[in-house]
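Pasting coords_20.cif here (mmCIF, C-alpha atoms):
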data_protein
#
loop_
_atom_site.label_atom_id
_atom_site.label_comp_id
_atom_site.auth_asym_id
_atom_site.auth_seq_id
_atom_site.Cartn_x
_atom_site.Cartn_y
_atom_site.Cartn_z
CA MET V 9 45.52 142.59 118.33
CA GLN V 10 44.39 141.78 114.77
CA MET V 11 45.75 138.41 113.54
CA HIS V 12 45.62 137.08 109.97
CA ASP V 13 45.55 133.54 108.61
CA ALA V 14 48.75 132.33 106.92
CA LYS V 15 50.47 129.10 105.94
CA ARG V 16 53.83 128.01 107.31
CA VAL V 17 55.71 125.84 104.81
CA GLU V 18 58.77 124.04 106.13
CA ILE V 19 61.05 122.45 103.54
CA MET V 20 63.77 120.11 104.76
CA ILE V 21 66.11 119.53 101.85
CA GLU V 22 69.71 118.55 101.10
CA ALA V 23 72.09 121.47 101.72
CA VAL V 24 73.55 121.16 98.21
CA MET V 25 70.17 122.12 96.77
CA GLU V 26 69.87 125.37 98.74
CA ARG V 27 70.74 127.76 95.91
CA ARG V 28 68.49 125.98 93.41
CA LEU V 29 65.55 126.03 95.80
CA THR V 30 65.91 129.69 96.75
CA GLU V 31 66.28 130.72 93.10
CA LEU V 32 63.03 128.93 92.27
CA LEU V 33 61.30 130.47 95.28
CA GLU V 34 62.33 133.94 94.19
CA ALA V 35 61.23 133.22 90.62
CA ALA V 36 57.84 132.27 92.08
CA GLU V 37 57.84 135.62 93.92
CA VAL V 38 58.28 134.04 97.33
CA THR V 39 60.95 136.47 98.45
CA GLY V 40 60.49 135.99 102.18
CA TYR V 41 62.02 132.85 103.66
CA THR V 42 64.37 131.82 106.45
CA ILE V 43 67.13 129.22 106.11
CA LEU V 44 68.03 127.27 109.21
CA PRO V 45 71.00 124.90 109.57
CA VAL V 46 70.20 121.36 110.64
CA SER V 47 72.85 119.64 112.72
CA GLY V 48 71.61 116.07 112.48
CA GLY V 49 68.66 113.75 112.51
CA SER V 50 67.30 110.40 111.50
CA GLY V 51 65.46 109.25 108.39
CA ARG V 52 64.94 106.26 106.12
CA SER V 53 68.74 105.82 105.85
CA GLY V 54 69.31 105.94 109.60
CA LEU V 55 71.01 108.47 111.87
CA TRP V 56 73.11 111.28 110.44
CA SER V 57 75.10 114.13 111.94
CA ARG V 58 77.00 117.15 110.65
CA GLU V 59 79.63 116.86 113.37
CA GLY V 60 83.11 116.97 111.90
CA GLN V 61 81.85 117.02 108.29
CA VAL V 62 83.63 119.08 105.66
CA SER V 63 81.64 118.30 102.52
CA ARG V 64 78.23 119.90 102.01
CA ALA V 65 76.96 116.51 100.89
CA GLY V 66 75.05 114.67 103.57
CA GLY V 67 73.85 117.87 105.22
CA MET V 68 70.31 119.18 105.32
CA ILE V 69 68.82 122.64 105.71
CA ALA V 70 65.37 123.82 106.72
CA VAL V 71 63.76 126.56 104.63
CA VAL V 72 60.76 128.17 106.29
CA CYS V 73 58.27 130.33 104.35
CA LEU V 74 55.25 132.16 105.71
CA ILE V 75 52.74 132.97 102.96
CA ARG V 76 49.12 133.89 102.37
CA PRO V 77 46.90 130.78 101.99
CA GLU V 78 46.02 131.60 98.36
CA ARG V 79 49.69 131.44 97.34
CA LEU V 80 50.25 127.95 98.78
CA GLU V 81 49.50 125.91 95.64
CA LYS V 82 51.97 127.79 93.47
CA LEU V 83 54.64 127.56 96.15
CA LEU V 84 54.19 123.80 96.50
CA GLU V 85 54.41 123.28 92.73
CA THR V 86 57.65 125.26 92.68
CA VAL V 87 59.13 123.39 95.63
CA PHE V 88 58.22 120.03 94.16
CA GLU V 89 60.47 120.68 91.15
CA VAL V 90 63.47 120.50 93.48
CA VAL V 91 62.28 118.15 96.20
CA ASP V 92 60.92 115.53 93.79
CA ARG V 93 64.21 113.69 93.17
CA HIS V 94 66.03 114.62 96.38
CA ILE V 95 65.95 113.62 100.02
CA GLY V 96 63.60 115.94 101.84
CA VAL V 97 60.33 116.57 103.63
CA VAL V 98 57.78 119.32 102.98
CA SER V 99 55.23 120.14 105.63
CA VAL V 100 52.48 122.76 105.72
CA SER V 101 50.78 124.09 108.82
CA ASP V 102 48.22 126.77 109.62
CA THR V 103 49.52 129.78 111.43
CA LYS V 104 48.69 133.40 112.24
CA VAL V 105 50.66 136.53 111.42
CA LEU V 106 50.38 140.05 112.73
CA ARG V 107 51.13 142.09 109.61
CA ALA V 108 49.37 140.49 106.62
CA GLU V 109 50.68 143.06 104.11
CA ARG V 110 54.18 141.60 104.55
CA PHE V 111 53.28 138.20 103.14
CA MET M 101 111.11 94.77 100.60
CA ASP M 102 112.91 95.78 103.80
CA ALA M 103 112.75 99.41 102.71
CA ILE M 104 108.98 99.18 102.20
CA LEU M 105 108.50 97.57 105.62
CA THR M 106 110.70 100.15 107.35
CA LEU M 107 108.83 102.97 105.62
CA ALA M 108 105.48 101.38 106.48
CA ALA M 109 106.51 101.02 110.13
CA GLN M 110 107.68 104.64 110.29
CA ASN M 111 104.47 105.76 108.65
CA LEU M 112 102.33 103.64 110.94
CA LEU M 113 103.85 105.18 114.05
CA SER M 114 103.67 108.78 112.84
CA PRO M 115 101.45 111.19 114.82
CA MET M 116 99.26 111.64 111.72
CA ILE M 117 98.37 107.97 111.28
CA LEU M 118 97.99 107.44 115.03
CA SER M 119 95.62 110.44 115.17
CA PHE M 120 93.50 108.91 112.42
CA ALA M 121 93.53 105.55 114.22
CA LEU M 122 92.48 107.27 117.47
CA GLY M 123 89.53 108.92 115.72
CA MET M 124 88.41 105.68 114.11
CA ALA M 125 88.75 103.71 117.34
CA ALA M 126 86.86 106.38 119.30
CA ALA M 127 83.99 106.36 116.80
CA LEU M 128 83.79 102.56 116.70
CA ALA M 129 83.79 102.49 120.51
CA ARG M 130 80.91 105.03 120.47
CA SER M 131 82.86 107.76 122.25
CA ASP M 132 81.23 111.20 122.21
CA LEU M 133 84.47 112.75 120.92
CA SER M 134 83.59 115.04 118.01
CA PHE M 135 84.56 118.21 116.18
CA PRO M 136 82.00 120.89 115.39
CA GLU M 137 81.35 121.22 111.64
CA ALA M 138 82.76 124.76 111.60
CA VAL M 139 86.05 123.62 113.18
CA ALA M 140 86.45 120.80 110.64
CA LYS M 141 85.77 123.21 107.78
CA GLY M 142 88.18 125.75 109.25
CA MET M 143 90.95 123.15 109.45
CA SER M 144 90.35 122.03 105.86
CA LEU M 145 90.53 125.66 104.66
CA TYR M 146 93.83 126.11 106.51
CA LEU M 147 95.32 122.92 105.04
CA LEU M 148 94.22 123.77 101.50
CA PHE M 149 95.66 127.28 101.74
CA ALA M 150 98.94 126.10 103.24
CA ILE M 151 99.54 123.25 100.78
CA GLY M 152 98.54 125.41 97.79
CA PHE M 153 100.76 128.29 98.91
CA LYS M 154 103.78 126.06 99.55
CA GLY M 155 103.34 124.42 96.12
CA GLY M 156 103.32 127.86 94.49
CA VAL M 157 106.46 128.93 96.39
CA SER M 158 108.21 125.75 95.28
CA VAL M 159 107.40 126.49 91.62
CA SER M 160 108.62 130.06 92.13
CA ASP M 161 111.92 128.70 93.57
CA HIS M 162 112.60 126.02 91.01
CA GLY M 163 111.00 127.70 88.04
CA LEU M 164 108.77 126.10 85.43
CA ASP M 165 110.47 123.43 83.37
CA GLY M 166 107.65 122.96 80.91
CA GLY M 167 106.52 119.95 82.90
CA LEU M 168 103.52 121.72 84.43
CA LEU M 169 101.42 121.78 81.27
CA ALA M 170 102.23 118.16 80.43
CA ALA M 171 101.50 117.05 84.01
CA LEU M 172 98.21 118.98 84.04
CA THR M 173 97.14 117.40 80.75
CA VAL M 174 98.03 113.91 81.92
CA GLY M 175 96.33 114.52 85.29
CA VAL M 176 93.09 115.61 83.61
CA ALA M 177 93.24 112.61 81.25
CA LEU M 178 93.80 110.20 84.14
CA SER M 179 90.95 111.69 86.16
CA ALA M 180 88.64 111.40 83.14
CA ALA M 181 89.73 107.82 82.34
CA LEU M 182 89.86 106.24 85.81
CA PRO M 183 86.05 106.28 86.34
CA PHE M 184 85.67 103.92 83.36
CA LEU M 185 88.13 101.48 84.94
CA ALA M 186 86.40 101.85 88.32
CA PHE M 187 82.96 101.37 86.74
CA GLY M 188 84.06 98.20 84.94
CA LEU M 189 85.66 96.80 88.09
CA LEU M 190 82.56 97.57 90.16
CA ARG M 191 80.25 95.89 87.65
CA ALA M 192 82.54 92.83 87.64
CA LEU M 193 83.01 92.57 91.41
CA THR M 194 79.75 93.83 92.86
CA PRO M 195 76.01 93.72 92.24
CA LEU M 196 75.73 97.52 92.54
CA PRO M 197 73.16 99.12 90.22
CA ILE M 198 74.46 101.25 87.33
CA THR M 199 73.72 104.57 89.04
CA ASP M 200 75.49 103.64 92.26
CA ALA M 201 78.43 102.20 90.32
CA ALA M 202 78.76 105.41 88.25
CA SER M 203 78.61 107.54 91.39
CA VAL M 204 81.32 105.46 93.12
CA ALA M 205 83.39 105.59 89.90
CA ALA M 206 83.30 109.40 89.94
CA HIS M 207 84.64 109.40 93.52
CA TYR M 208 87.55 107.14 92.49
CA GLY M 209 88.47 109.11 89.38
CA SER M 210 88.69 112.27 91.44
CA ILE M 211 91.21 112.78 94.22
CA SER M 212 91.43 113.04 98.00
CA ILE M 213 93.29 116.21 98.84
CA VAL M 214 93.87 115.09 102.44
CA THR M 215 95.64 111.94 101.24
CA PHE M 216 97.73 114.17 98.96
CA VAL M 217 98.55 116.54 101.84
CA THR M 218 99.55 113.60 104.05
CA ALA M 219 101.75 112.10 101.33
CA SER M 220 103.43 115.49 100.72
CA THR M 221 104.09 115.77 104.45
CA VAL M 222 105.66 112.28 104.50
CA LEU M 223 107.90 113.23 101.55
CA ASP M 224 108.91 116.53 103.19
CA ALA M 225 109.71 114.74 106.45
CA GLN M 226 112.05 112.39 104.57
CA GLY M 227 113.60 115.22 102.56
CA ILE M 228 112.38 113.76 99.25
CA PHE M 229 112.04 116.33 96.47
CA HIS M 230 108.74 116.57 94.63
CA GLU M 231 107.55 119.00 91.97
CA GLY M 232 105.69 121.92 93.57
CA TYR M 233 103.23 122.05 90.68
CA MET M 234 101.76 118.70 91.73
CA VAL M 235 99.37 120.83 93.83
CA ALA M 236 97.99 122.33 90.62
CA VAL M 237 97.72 118.83 89.14
CA ALA M 238 95.73 117.78 92.21
CA ALA M 239 93.29 120.67 91.70
CA ALA M 240 92.94 119.84 87.99
CA MET M 241 92.11 116.21 88.79
CA GLU M 242 89.12 117.01 91.02
CA ALA M 243 86.49 117.61 88.34
CA PRO M 244 86.98 115.57 85.12
CA ALA M 245 85.91 112.33 86.81
CA ILE M 246 82.51 113.82 87.61
CA LEU M 247 81.91 114.59 83.94
CA SER M 248 82.99 111.06 82.94
CA ALA M 249 80.54 109.54 85.41
CA LEU M 250 77.70 111.75 84.16
CA TRP M 251 78.52 110.79 80.58
CA LEU M 252 78.49 107.11 81.59
CA ILE M 253 75.08 107.51 83.17
CA SER M 254 73.61 109.35 80.20
CA ARG M 255 74.94 106.64 77.85
CA LEU M 256 73.65 103.75 79.95
CA ASN M 257 70.44 105.17 81.42
CA GLY M 258 69.55 107.75 78.78
CA PRO M 259 69.19 111.45 79.49
CA GLY M 260 67.02 111.72 82.56
CA ALA M 261 68.64 114.37 84.66
CA ARG M 262 66.84 117.66 84.71
CA GLU M 263 69.91 119.34 86.09
CA ASP M 264 71.26 122.24 84.04
CA ARG M 265 74.68 120.92 82.93
CA GLY M 266 76.12 124.44 82.57
CA ALA M 267 75.21 125.37 86.13
CA LEU M 268 76.53 122.07 87.38
CA LEU M 269 79.83 122.50 85.53
CA ARG M 270 80.26 125.99 86.95
CA GLU M 271 79.59 124.67 90.42
CA ILE M 272 82.11 121.82 90.01
CA LEU M 273 84.87 124.02 88.59
CA LEU M 274 84.29 126.79 91.12
CA ASN M 275 84.04 124.38 94.03
CA GLY M 276 85.45 126.12 97.11
CA SER M 277 88.31 123.65 97.63
CA ILE M 278 89.49 124.02 94.01
CA VAL M 279 89.29 127.82 94.14
CA LEU M 280 91.24 127.98 97.41
CA LEU M 281 93.88 125.46 96.33
CA VAL M 282 94.51 127.12 92.95
CA GLY M 283 94.26 130.62 94.43
CA ALA M 284 96.77 129.87 97.20
CA PHE M 285 99.06 128.20 94.63
CA LEU M 286 99.01 131.37 92.49
CA ILE M 287 99.62 133.60 95.54
CA GLY M 288 102.59 131.41 96.52
CA TRP M 289 103.91 131.47 92.96
CA VAL M 290 103.64 135.27 92.69
CA THR M 291 105.02 136.11 96.14
CA GLY M 292 107.66 133.35 96.30
CA GLU M 293 110.18 133.03 99.14
CA GLU M 294 109.54 136.59 100.29
CA GLY M 295 105.83 135.88 100.70
CA GLN M 296 106.57 132.64 102.51
CA ARG M 297 108.83 134.44 105.00
CA GLU M 298 105.99 136.82 105.83
CA ILE M 299 103.49 134.10 106.72
CA ASP M 300 105.84 131.23 107.53
CA ALA M 301 104.96 131.11 111.21
CA PHE M 302 101.33 130.54 110.27
CA ILE M 303 101.57 128.08 107.40
CA THR M 304 104.60 125.96 108.33
CA ALA M 305 104.96 125.42 112.09
CA PRO M 306 101.31 124.57 112.93
CA PHE M 307 100.78 122.57 109.73
CA LYS M 308 101.48 119.07 111.03
CA GLY M 309 99.54 119.67 114.23
CA VAL M 310 96.48 120.85 112.32
CA LEU M 311 96.84 117.90 109.94
CA CYS M 312 96.87 115.53 112.94
CA LEU M 313 93.66 117.08 114.30
CA PHE M 314 92.05 116.98 110.85
CA LEU M 315 92.99 113.31 110.44
CA LEU M 316 91.58 112.64 113.91
CA ASP M 317 88.32 114.15 112.67
CA MET M 318 88.50 112.11 109.45
CA GLY M 319 88.98 109.00 111.60
CA LEU M 320 85.87 109.89 113.60
CA VAL M 321 83.79 110.45 110.45
CA ALA M 322 85.11 107.25 108.83
CA GLY M 323 84.49 105.22 112.00
CA ARG M 324 80.95 106.54 112.33
CA GLY M 325 80.30 105.68 108.66
CA LEU M 326 81.59 102.13 109.10
CA ARG M 327 79.56 101.65 112.27
CA ALA M 328 76.40 102.86 110.55
CA ALA M 329 77.04 100.58 107.54
CA ARG M 330 77.64 97.60 109.82
CA GLN M 331 74.59 98.22 112.00
CA LYS M 332 71.90 99.19 109.55
CA GLY M 333 73.13 98.18 106.15
CA ALA M 334 72.67 101.84 105.20
CA GLY M 335 75.55 101.47 102.80
CA GLY M 336 73.62 98.90 100.79
CA ASP M 337 75.96 95.95 101.30
CA VAL M 338 78.94 98.25 101.37
CA LEU M 339 80.72 95.75 103.59
CA ALA M 340 80.10 92.87 101.16
CA PRO M 341 83.35 91.13 100.07
CA GLY M 342 83.16 92.34 96.45
CA VAL M 343 82.69 95.97 97.48
CA LEU M 344 85.47 95.75 100.07
CA ALA M 345 87.77 94.19 97.48
CA PHE M 346 87.04 97.10 95.14
CA GLY M 347 87.99 99.56 97.90
CA VAL M 348 91.49 98.05 98.02
CA LEU M 349 91.98 96.91 94.40
CA MET M 350 90.97 100.16 92.74
CA PRO M 351 93.62 102.28 94.52
CA LEU M 352 96.29 99.78 93.47
CA LEU M 353 95.15 99.89 89.83
CA GLY M 354 94.91 103.69 89.95
CA ALA M 355 98.38 103.92 91.48
CA ALA M 356 99.77 101.68 88.73
CA ALA M 357 98.29 104.02 86.10
CA GLY M 358 99.76 106.99 87.99
CA ALA M 359 103.18 105.32 88.16
CA ALA M 360 103.23 104.69 84.41
CA ALA M 361 102.10 108.25 83.66
CA GLY M 362 104.57 109.79 86.13
CA TRP M 363 107.43 107.76 84.66
CA ALA M 364 106.44 108.80 81.13
CA LEU M 365 106.30 112.45 82.23
CA GLY M 366 109.82 112.21 83.64
CA LEU M 367 108.77 113.28 87.15
CA SER M 368 111.07 112.89 90.15
CA ALA M 369 110.51 109.89 92.47
CA GLY M 370 108.58 112.18 94.85
CA GLY M 371 106.48 113.50 91.96
CA VAL M 372 105.69 109.97 90.74
CA ALA M 373 104.70 108.95 94.29
CA LEU M 374 102.35 111.95 94.51
CA LEU M 375 100.76 111.21 91.12
CA MET M 376 100.26 107.61 92.29
CA VAL M 377 98.60 108.91 95.47
CA LEU M 378 96.33 111.19 93.43
CA CYS M 379 95.27 108.34 91.13
CA ALA M 380 94.84 105.93 94.04
CA SER M 381 92.75 108.20 96.25
CA ALA M 382 89.01 108.78 96.18
CA SER M 383 87.23 112.08 96.78
CA TYR M 384 84.98 112.55 99.79
CA ILE M 385 84.61 116.32 99.84
CA ALA M 386 84.00 117.76 96.35
CA VAL M 387 82.53 114.80 94.46
CA PRO M 388 79.90 113.73 97.02
CA ALA M 389 78.30 117.19 96.83
CA ALA M 390 78.35 117.19 93.01
CA MET M 391 76.87 113.67 92.93
CA ARG M 392 74.04 114.64 95.26
CA VAL M 393 73.09 117.39 92.82
CA ALA M 394 73.56 115.43 89.61
CA LEU M 395 72.71 111.86 90.64
CA PRO M 396 70.36 112.13 93.63
CA GLN M 397 69.11 108.57 93.08
CA ALA M 398 72.59 107.16 93.88
CA ASN M 399 73.02 105.97 97.47
CA PRO M 400 75.60 108.35 99.02
CA ALA M 401 76.39 105.95 101.87
CA ILE M 402 78.07 103.48 99.49
CA SER M 403 80.52 105.99 97.98
CA LEU M 404 81.32 107.70 101.25
CA THR M 405 81.83 104.52 103.24
CA LEU M 406 84.06 103.09 100.51
CA ALA M 407 86.09 106.27 99.94
CA LEU M 408 86.49 107.31 103.54
CA GLY M 409 86.11 104.04 105.45
CA ILE M 410 88.10 101.67 103.24
CA THR M 411 90.28 103.41 100.63
CA PHE M 412 91.37 106.42 102.71
CA PRO M 413 92.78 104.33 105.61
CA PHE M 414 94.30 101.85 103.14
CA ASN M 415 96.15 104.63 101.33
CA LEU M 416 97.12 106.35 104.55
CA VAL M 417 98.58 103.30 106.28
CA LEU M 418 99.85 101.02 103.49
CA GLY M 419 99.42 102.86 100.21
CA ILE M 420 101.68 105.88 100.75
CA PRO M 421 104.78 103.84 101.78
CA LEU M 422 104.08 101.33 99.02
CA TYR M 423 103.70 104.00 96.32
CA LEU M 424 106.84 105.78 97.51
CA ALA M 425 108.84 102.54 97.41
CA VAL M 426 107.56 101.74 93.90
CA ALA M 427 108.37 105.27 92.74
CA ASN M 428 111.88 104.95 94.16
CA VAL M 429 112.43 101.68 92.33
CA LEU M 430 110.98 103.09 89.11
CA ILE M 431 112.92 106.35 89.10
CA GLY M 432 115.90 105.12 91.10
CA GLY M 433 115.60 107.86 93.72
#
How would this structure read if it were set down as C-alpha cells?
Amino acid sequence: MQMHDAKRVEIMIEAVMERRLTELLEAAEVTGYTILPVSGGSGRSGLWSREGQVSRAGGMIAVVCLIRPERLEKLLETVFEVVDRHIGVVSVSDTKVLRAERF
Amino acid sequence: MDAILTLAAQNLLSPMILSFALGMAAALARSDLSFPEAVAKGMSLYLLFAIGFKGGVSVSDHGLDGGLLAALTVGVALSAALPFLAFGLLRALTPLPITDAASVAAHYGSISIVTFVTASTVLDAQGIFHEGYMVAVAAAMEAPAILSALWLISRLNGPGAREDRGALLREILLNGSIVLLVGAFLIGWVTGEEGQREIDAFITAPFKGVLCLFLLDMGLVAGRGLRAARQKGAGGDVLAPGVLAFGVLMPLLGAAAGAAAGWALGLSAGGVALLMVLCASASYIAVPAAMRVALPQANPAISLTLALGITFPFNLVLGIPLYLAVANVLIGG
C-alpha cells in the first residue's frame, strides 16, 4: 500500500491553555488534531496527578497533529506563541500516513 | 470562651471534619485511596447546584430586604481589597518574589466555596439563621481578587503579559463554578418552596454525605500537596515559617475585615459568620486556573499548598467555630 511521509507533532501543554492553542492552530489552518487527556506524570516540579482534582489548573493535555512536512515550520511558530511562557513539551517525529490528501 | 471550645469540639468530631482528616492522613501515609477526577468534579457540581438552589429558595421565602445589593457591593469591594493586604503581608513575612506573592494574594482575595458550603452546613445543623443571598455574595467574590492581583503585577512589573485581558475577563466571569452557583441560585429564587419540594430528595438528604466524600477527597489532595512540598521543596519553601504564618494570619485578618463589614451591613449573626468565612478562605478551584493563564511564571505549588494545605484545614477545624463565636458576640445572636 502507498505510504506518504508526514510529521507527527505532539504538544503537551497545560489544560487551561487548550482553547487558546486550538484557536491558534485553526487560525494557522491546522484543522486536524486530536486532544488526549493526561492523567498524571512527572516533570521539573516533581510528580503530579489528576486524581481527585476539581480545578483545571495543574492538569495537562496532549494535542497531536499529523501534517505534511512542508507545513511543520509554520505550525511550530504558531505553537510557540502559546507554549513559550507555559509548562509544556513539544516533540516532532517522522511518521507515515496512508491518505496524504487528508493532511 | 467555653462556647467557642464547645463549638470547636463539636465541629472537630463532625463527620465532615473527620472525613477531611481521614483523607489527609491517608495521603500522608501514602495510601492508594483516591477519587477519579470525574467523580470529584461531579461531586463539586452537585454541591454547587444544591447550595446555590437552597440560597435562592431562602431568598424567595424571606424576600429581598434591600440587603442583597449592599452585600454584593461590599463583597466585591472586599474581594478586590484583600489581595493588597495579602500582598503586603506576604512581602513582609516571606521572601517570595513579586509574581508569586501577587498570585498567592489573588487566591486569598477570592473565596473557597467548599469552606462556605461547610460553614453553611454547620449553621444549618445548629439552626442558626443566615441570609440566603450570601450564596450570591460568594459568587460575586470569586473574580475581583484576580483583577486586583493582575493590576498589582502590571504596576510592579510593567505590562508584560501577552494575554488578551478581555478574553481573560470573560473566562473568569463565566467560570463554570460561578455560572452554576448563580444559575442554581436564580432557579431556586424563581421556583421557591414549590421547586424545592420537587427536587428535595436529591438536593437535601444526600447533601451532607456528598460533602463528606468531597472533603475526604480535598483531604487527599491537600495531603498529597503537603507531602510533595515536604519531600521535594516543589512549593518553593512553602513550609518555611513565614509562609506558614501567612497561611494562618491572613484568614484571621480577612475574617476581621469580614466581621466589620458584616456588622456595618446589619447582617444576622449567621450572615456575619458566613461573610467572615468568605473573607478568610482562599480559592483553590477558580483562581488557580485563571492564574495559570494570566501569570504562568508564578509557581502554582506555593498558592495551592498554602490555600489547600494550610488555610483550608485551619478554617475548617478552628476558623468556622471561631468566626461563628465572634459573630455571635458581635451581633448578640
query: Neighbours of segment 91-101 of chain V within 6 Å (only C-alpha atoms; same-chain residues fewer than 2 positions away dropped), as number ranges by chain?
result: V: 15-21, 88-89; M: 396
message: Translate the PyMOL selection byres ((chain M) within 10 of (chain V)) into a concrete residue list for this structure, as a PyMOL selection string.
response: chain M and resi 133-145+261-263+267+277+314+316-321+324-325+328-329+331-336+384-393+395-397+399-401+404
message: Translate the PyMOL selection byres ((chain M and resi 190-205) around 9) into a concrete residue list for this structure, as number ranges by chain.
response: M: 182-189, 206-210, 245-246, 248-250, 252-253, 256-257, 336-337, 340-343, 345-346, 382, 387-388, 391, 395, 397-400, 402-404, 406-407
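Taking all atoms listed in the file, the non-local environment of segment 35-37 of chain V within 10 Å (same-chain residues fewer than 4 positions away omitted) comprises V:Leu29, V:Thr30, V:Glu31, V:Arg79, V:Lys82, V:Leu83, V:Glu85, V:Thr86, V:Val87.
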statement: note - atom CA of Ala425 of chain M and atom CA of Ile213 of chain M are separated by 20.8 Å
- line: re atom CA of Ile410 of chain M and atom CA of Val174 of chain M: distance 26.5 Å
Translate the PyMOL selection byres ((chain M and resi 285-287) around 8), as applied to the file shown, into an explicit residue set as a PDB file with C-alpha atoms, keeping the file's coordinate frame.
ATOM      1  CA  PHE M 149      95.660 127.280 101.740  1.00  0.00           C
ATOM      2  CA  ILE M 151      99.540 123.250 100.780  1.00  0.00           C
ATOM      3  CA  GLY M 152      98.540 125.410  97.790  1.00  0.00           C
ATOM      4  CA  PHE M 153     100.760 128.290  98.910  1.00  0.00           C
ATOM      5  CA  LYS M 154     103.780 126.060  99.550  1.00  0.00           C
ATOM      6  CA  GLY M 155     103.340 124.420  96.120  1.00  0.00           C
ATOM      7  CA  GLY M 156     103.320 127.860  94.490  1.00  0.00           C
ATOM      8  CA  VAL M 157     106.460 128.930  96.390  1.00  0.00           C
ATOM      9  CA  VAL M 235      99.370 120.830  93.830  1.00  0.00           C
ATOM     10  CA  ALA M 236      97.990 122.330  90.620  1.00  0.00           C
ATOM     11  CA  LEU M 281      93.880 125.460  96.330  1.00  0.00           C
ATOM     12  CA  VAL M 282      94.510 127.120  92.950  1.00  0.00           C
ATOM     13  CA  GLY M 283      94.260 130.620  94.430  1.00  0.00           C
ATOM     14  CA  ALA M 284      96.770 129.870  97.200  1.00  0.00           C
ATOM     15  CA  GLY M 288     102.590 131.410  96.520  1.00  0.00           C
ATOM     16  CA  TRP M 289     103.910 131.470  92.960  1.00  0.00           C
ATOM     17  CA  VAL M 290     103.640 135.270  92.690  1.00  0.00           C
ATOM     18  CA  THR M 291     105.020 136.110  96.140  1.00  0.00           C
TER      19      THR M 291
END
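Atom CA of Thr221 of chain M is positioned 24.5 Å from atom CA of Ala364 of chain M.
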Pick from M:Gly362, M:Gly175, M:Gly232, M:Pro413, whichever lies nearest to Ala427 of chain M using all atoms listed in the file: M:Gly362
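Using all atoms listed in the file for every distance, the candidate list M:Pro306, M:Gly358, M:Gly166, M:Pro244 yields M:Pro306 as the residue closest to Ala150 of chain M.
Of the residues under consideration (M:Gly323, M:Gly163, M:Gly354, M:Gly371), M:Gly354 shows the shortest atom-to-atom contact distance to Asn415 of chain M when counting all atoms listed in the file.
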task: Have a look at M:Glu231, M:Glu298, M:Asp161, M:Asp224 and name the one nearest to Leu365 of chain M; count all atoms listed in the file.
output: M:Glu231
Using the atoms already present, construct N, CA, C and O atoms for segment 103-114 of chain M and hand them back as a JSON list (two decimals), in the coordinates of the input.
[["chain", "number", "residue", "atom", "x", "y", "z"],
["M", 103, "ALA", "N", 112.96, 97.96, 102.75],
["M", 103, "ALA", "CA", 112.75, 99.41, 102.71],
["M", 103, "ALA", "C", 111.27, 99.74, 102.84],
["M", 103, "ALA", "O", 110.87, 100.66, 103.56],
["M", 104, "ILE", "N", 110.44, 98.94, 102.14],
["M", 104, "ILE", "CA", 108.98, 99.18, 102.20],
["M", 104, "ILE", "C", 108.49, 98.97, 103.63],
["M", 104, "ILE", "O", 107.71, 99.77, 104.16],
["M", 105, "LEU", "N", 108.96, 97.88, 104.26],
["M", 105, "LEU", "CA", 108.50, 97.57, 105.62],
["M", 105, "LEU", "C", 108.95, 98.64, 106.61],
["M", 105, "LEU", "O", 108.18, 99.05, 107.48],
["M", 106, "THR", "N", 110.20, 99.11, 106.45],
["M", 106, "THR", "CA", 110.70, 100.15, 107.35],
["M", 106, "THR", "C", 109.87, 101.43, 107.19],
["M", 106, "THR", "O", 109.44, 102.04, 108.17],
["M", 107, "LEU", "N", 109.62, 101.77, 105.92],
["M", 107, "LEU", "CA", 108.83, 102.97, 105.62],
["M", 107, "LEU", "C", 107.41, 102.82, 106.17],
["M", 107, "LEU", "O", 106.85, 103.77, 106.75],
["M", 108, "ALA", "N", 106.84, 101.62, 105.99],
["M", 108, "ALA", "CA", 105.48, 101.38, 106.48],
["M", 108, "ALA", "C", 105.43, 101.49, 108.00],
["M", 108, "ALA", "O", 104.49, 102.07, 108.56],
["M", 109, "ALA", "N", 106.47, 100.96, 108.66],
["M", 109, "ALA", "CA", 106.51, 101.02, 110.13],
["M", 109, "ALA", "C", 106.64, 102.46, 110.60],
["M", 109, "ALA", "O", 105.94, 102.89, 111.53],
["M", 110, "GLN", "N", 107.51, 103.22, 109.94],
["M", 110, "GLN", "CA", 107.68, 104.64, 110.29],
["M", 110, "GLN", "C", 106.37, 105.39, 110.11],
["M", 110, "GLN", "O", 105.95, 106.19, 110.94],
["M", 111, "ASN", "N", 105.73, 105.10, 108.98],
["M", 111, "ASN", "CA", 104.47, 105.76, 108.65],
["M", 111, "ASN", "C", 103.39, 105.42, 109.67],
["M", 111, "ASN", "O", 102.65, 106.27, 110.14],
["M", 112, "LEU", "N", 103.35, 104.14, 110.02],
["M", 112, "LEU", "CA", 102.33, 103.64, 110.94],
["M", 112, "LEU", "C", 102.42, 104.30, 112.31],
["M", 112, "LEU", "O", 101.42, 104.53, 112.98],
["M", 113, "LEU", "N", 103.66, 104.61, 112.72],
["M", 113, "LEU", "CA", 103.85, 105.18, 114.05],
["M", 113, "LEU", "C", 104.00, 106.70, 114.02],
["M", 113, "LEU", "O", 104.46, 107.31, 114.98],
["M", 114, "SER", "N", 103.60, 107.32, 112.90],
["M", 114, "SER", "CA", 103.67, 108.78, 112.84],
["M", 114, "SER", "C", 102.45, 109.36, 113.58],
["M", 114, "SER", "O", 101.40, 108.70, 113.66]]
